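Here the structure is laid out as structure tokens; the discussion comes afterwards.
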Amino acid sequence: MKNYLVSFCLLLIAGATAVSASEKVWIFFEDKGPALKKSGWTRVAAELSERAKSRRAKVTPTGRRLVDQTDRPVYQPYLNKLTEFDIQPVVVSRWLNAASVRVSPEQKQKLLSETFISHIQPVLRGRRKPVAAKPLSKSLKSMRTLYEYGPSLTQNELINVPETHTLGLTGKDVLIGVFDSGFKTDLPVFEHLNIVDTRDFIYGDNIVENESVDVSSQHNHGTSVLSLIGGFHENWLIAPAFEASFLLAKTEDIKSETEVEEDFWIAAAEWAEQQGADIITTSLGYIDWYEPSDADGDTAPITRAADLAVKKGIVVIASAGNEGNDPWTIVTPPADGDSVIAVGAVDLNGMIAGFSSRGPTADGRIKPDVVAMGSNCTLVRASGAYSNNGSGTSYAAPQVAAAVALILQAHPELTPMQVRQALVTTADRFTRPDNIYGFGLIDVLKAVKAFGPVAGLPDTTSFVSQYPNPFYPFQHGSAKFMIDAKSQIPVTIDIHNILGQKIASLHEPGVLGAGQVLMWTPERTPANGIYIYRVKLGDQTSTGKFTVLRKQR
């Protein structure tokens, strides 16, 4: 019995050693087998949704078929050959003509001698470095529009979202793929959300919420990211693209020290593309196994897959990474892709966050491409609680993805590179880009207008009304002045008491859209009485009266 136990323990040790010695690698195949006939290409094209076909048509030259070699399945006899080595694929990628597998050193050595294998390289693993939030240092602006943004007004105003919302642009009819750790979707902020499909690439099911095998924090990050794209709860959080549609992919397993493996991301990209996604956004960098010199846009399989998604008509957004203060420093794959829009993080004053990854890429290209607010963002936690200290490029990227949804709603004919052009050429550092801010802070309103006029502007420019009247400061908080502006125009509002003394002045240098609202929030509670306002709207002047009545708390 004793010898049996010793032998059994030795077998367990040997088994554990074999498992620990294995590694996850990509096996790239030499080709995809015999050439396809016309009927074969017809079958490949039939796997695409009608939405995917329509999107691909934007980037496919006239007269060319919508599918190519990257859309063909991996040659089945090659996959069968792997089983002879007792190897089972984890993910099979038709785009890369590769399979991810777990192999021992001995298996790997035998595979390298096979002629149907092109080469083998490790599967990247990713990490998401948490960053600490810093205190807020800037108050909200006086400008308000159609919605009560609450604390989320700051991050929205920084990239000109409220003004864009007045044009009726909210992401409607745009399909966004969000790849992250999981999503708790049964929260009030998501009650309105149109979720087209979900997929868990870790466990192979359709459940993107936490499962019994998950740690409790599994869905935390993805929930917060999703809230920044499509959340809607007035007076707290209104995300830019709250009427968009969503494909939610669970690709990040946070149980292990290295949270994500790129093969799940690539599988998710192929899934989302076939369903017709217009946008893919991801908030994680993949750097384990690699050196900064490998961030060249061509080495990492995830980067190659991301660039390929763009060629198929999808706008791909990636967080630049939180490595700015670390030895790695530069952007992390897939943000190094030449067709991927890499997003850095700034604070609410538009200053770069120290943690935001820098450029250039290893081959000398400017990165990040653009920046958005990624410090002290207002977002929703998986607990349902609202927070204003979300920090990281993880939270800047989804805001840019949401901005892209507004651009595509306004101009659905745009290709991914035209969308990038719209963002870059209207950013605030376009004429002086660098490897800290890229081309600068985006302005979604200017980007929307970069490719022509947008329906939804008012027919005339005019002062509409003042409300409420009478104005109770303790009850209402602010007196509001509504304006319709057909073109961008400066507005000044002066408020006088009955003696003609000016007690307040509001000024906005550029107002555009229907239903624009400027607010007067008195620093001191004004006395009861009649007040006179004078609105100067470009060359137009309007005057009127309203009553202020003090009310006990």
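Ligands are numbered from 1 in the order shown, chains are lettered A, B, ... in the order of the structure tokens, and residues start at 1 in each chain.
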Exercise: Trp520 of chain A partners within 8 Å, only C-alpha atoms, chain neighbours under 4 positions left out, as number ranges by chain: A: 142, 478-480, 506
Please dump the current selection as a PDB file, in the first residue's frame; keep N, CA, C and O atoms.
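Wrote part-v1.pdb, looks like this:
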ATOM      1  N   SER A 142     -21.354  76.209 -17.771  1.00  0.00           N
ATOM      2  CA  SER A 142     -22.732  76.659 -17.639  1.00  0.00           C
ATOM      3  C   SER A 142     -23.624  76.130 -18.754  1.00  0.00           C
ATOM      4  O   SER A 142     -24.829  76.163 -18.649  1.00  0.00           O
ATOM      5  N   SER A 478     -31.298  76.668 -11.010  1.00  0.00           N
ATOM      6  CA  SER A 478     -30.782  77.491 -12.099  1.00  0.00           C
ATOM      7  C   SER A 478     -31.943  78.026 -12.943  1.00  0.00           C
ATOM      8  O   SER A 478     -32.946  77.332 -13.151  1.00  0.00           O
ATOM      9  N   ALA A 479     -31.772  79.246 -13.417  1.00  0.00           N
ATOM     10  CA  ALA A 479     -32.668  79.794 -14.435  1.00  0.00           C
ATOM     11  C   ALA A 479     -32.085  79.447 -15.796  1.00  0.00           C
ATOM     12  O   ALA A 479     -30.871  79.577 -16.012  1.00  0.00           O
ATOM     13  N   LYS A 480     -32.941  79.031 -16.720  1.00  0.00           N
ATOM     14  CA  LYS A 480     -32.468  78.510 -18.000  1.00  0.00           C
ATOM     15  C   LYS A 480     -32.887  79.426 -19.150  1.00  0.00           C
ATOM     16  O   LYS A 480     -33.976  80.000 -19.134  1.00  0.00           O
ATOM     17  N   LEU A 506     -23.476  85.708 -18.539  1.00  0.00           N
ATOM     18  CA  LEU A 506     -23.105  84.394 -19.051  1.00  0.00           C
ATOM     19  C   LEU A 506     -22.569  84.560 -20.463  1.00  0.00           C
ATOM     20  O   LEU A 506     -23.066  85.390 -21.225  1.00  0.00           O
TER      21      LEU A 506
END
Just want the 7 Å neighbourhood of Leu406 of chain A, counted on only C-alpha atoms, with same-chain residues fewer than 3 positions away dropped. Output as a VMD selection string. chain A and resid 169 to 171 241 402 to 403 409 to 410
Helix (DSSP H, G or I) per DSSP on the backbone: members of segment 35-206 of chain A, as a ChimeraX atom specification: /A:38-46,50-57,69-71,76-84,105-111,150-158,161-165,188-190
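Excluding Val25 of chain A itself and any same-chain residue fewer than 5 positions from it, the protein and nucleic acid residues within 8 Å of it, counting only C-alpha atoms, are Ser100, Val101, Arg102, Val103, Ile120, Gln121, Pro122 and Val123 of chain A.
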Pro34 of chain A environment, 10 Å, only C-alpha atoms, sequence neighbours closer than 3 positions dropped, as an MDAnalysis selection string: chainID A and resid 31 37 75
Within 7 Å of Phe355 of chain A, counting only C-alpha atoms, which residues qualify if same-chain residues fewer than 4 places away don't, as a ChimeraX atom specification? /A:322-325
Of the residues A:Leu247, A:Ile287, A:Val67, A:Leu512, which is the one nearest to Leu36 of chain A, using only C-alpha atoms?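 Distance minimum relative to Leu36 of chain A lands on A:Val67.
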Residue neighbourhood segment 339-345 of chain A, 9 Å, only C-alpha atoms, exclusion window fewer than 5 positions, as a PyMOL selection string: chain A and resi 297+303+306-308+310-311+315-322+331+334+350-358+367-375+391-397+400+416-417+420+436-438
Considering only C-alpha atoms, can you say which of A:Pro398, A:Gly384, A:Pro470, A:Pro412 comes closest to Val225 of chain A? A:Pro398
Would you pick out the contacts of Thr461 of chain A at 6 Å or less, using only C-alpha atoms, so that residues sharing its chain but fewer than 4 positions from it are not included, and give the list as an NGL selection string? :A and (484-486)
Those residues you just picked out, can you put them in a file as a PDB file, in the first residue's frame with all heavy atoms?
ATOM      1  N   ASP A 484     -31.924  78.411 -30.163  1.00  0.00           N
ATOM      2  CA  ASP A 484     -31.735  77.621 -31.381  1.00  0.00           C
ATOM      3  C   ASP A 484     -30.664  78.301 -32.215  1.00  0.00           C
ATOM      4  O   ASP A 484     -30.781  79.495 -32.519  1.00  0.00           O
ATOM      5  CB  ASP A 484     -33.024  77.542 -32.202  1.00  0.00           C
ATOM      6  CG  ASP A 484     -34.015  76.539 -31.641  1.00  0.00           C
ATOM      7  OD1 ASP A 484     -33.628  75.772 -30.748  1.00  0.00           O
ATOM      8  OD2 ASP A 484     -35.173  76.537 -32.093  1.00  0.00           O
ATOM      9  N   ALA A 485     -29.615  77.563 -32.582  1.00  0.00           N
ATOM     10  CA  ALA A 485     -28.531  78.146 -33.370  1.00  0.00           C
ATOM     11  C   ALA A 485     -28.321  77.321 -34.633  1.00  0.00           C
ATOM     12  O   ALA A 485     -27.913  76.154 -34.573  1.00  0.00           O
ATOM     13  CB  ALA A 485     -27.240  78.210 -32.554  1.00  0.00           C
ATOM     14  N   LYS A 486     -28.589  77.934 -35.780  1.00  0.00           N
ATOM     15  CA  LYS A 486     -28.441  77.243 -37.060  1.00  0.00           C
ATOM     16  C   LYS A 486     -26.983  77.019 -37.408  1.00  0.00           C
ATOM     17  O   LYS A 486     -26.621  76.023 -38.043  1.00  0.00           O
ATOM     18  CB  LYS A 486     -29.129  78.060 -38.158  1.00  0.00           C
ATOM     19  CG  LYS A 486     -29.097  77.411 -39.536  1.00  0.00           C
ATOM     20  CD  LYS A 486     -29.826  78.242 -40.557  1.00  0.00           C
ATOM     21  CE  LYS A 486     -29.805  77.564 -41.932  1.00  0.00           C
ATOM     22  NZ  LYS A 486     -30.523  78.367 -42.945  1.00  0.00           N
TER      23      LYS A 486
END
When distances are computed from only C-alpha atoms, which of A:Gly231, A:Gly500, A:Pro327, A:Gly204 shows the smallest separation from Glu191 of chain A?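 So, comparing all the options, the nearest one is A:Gly231.
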Give me every strand (DSSP E) residue in segment 159-290 of chain A, going by DSSP on the backbone, as a ChimeraX atom specification. /A:175-180,194-200,232-233,237-238,245-250,260-261,279-282,285-288
Name the closest residue to Ala269 of chain A among the candidates A:Asn160, A:Gly168, A:Tyr290, A:Leu96; distances are taken between atoms, counting only C-alpha atoms.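 So, comparing all the options, the nearest one is A:Leu96.
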Separating atom CA of Thr332 of chain A from atom CA of Leu284 of chain A, to the nearest tenth of an Å, is a gap of 8.2 Å
Using only C-alpha atoms, find the one residue out of A:Lys536, A:Lys172, A:His219, A:His411 that sits nearest to Glu243 of chain A. A:Lys172
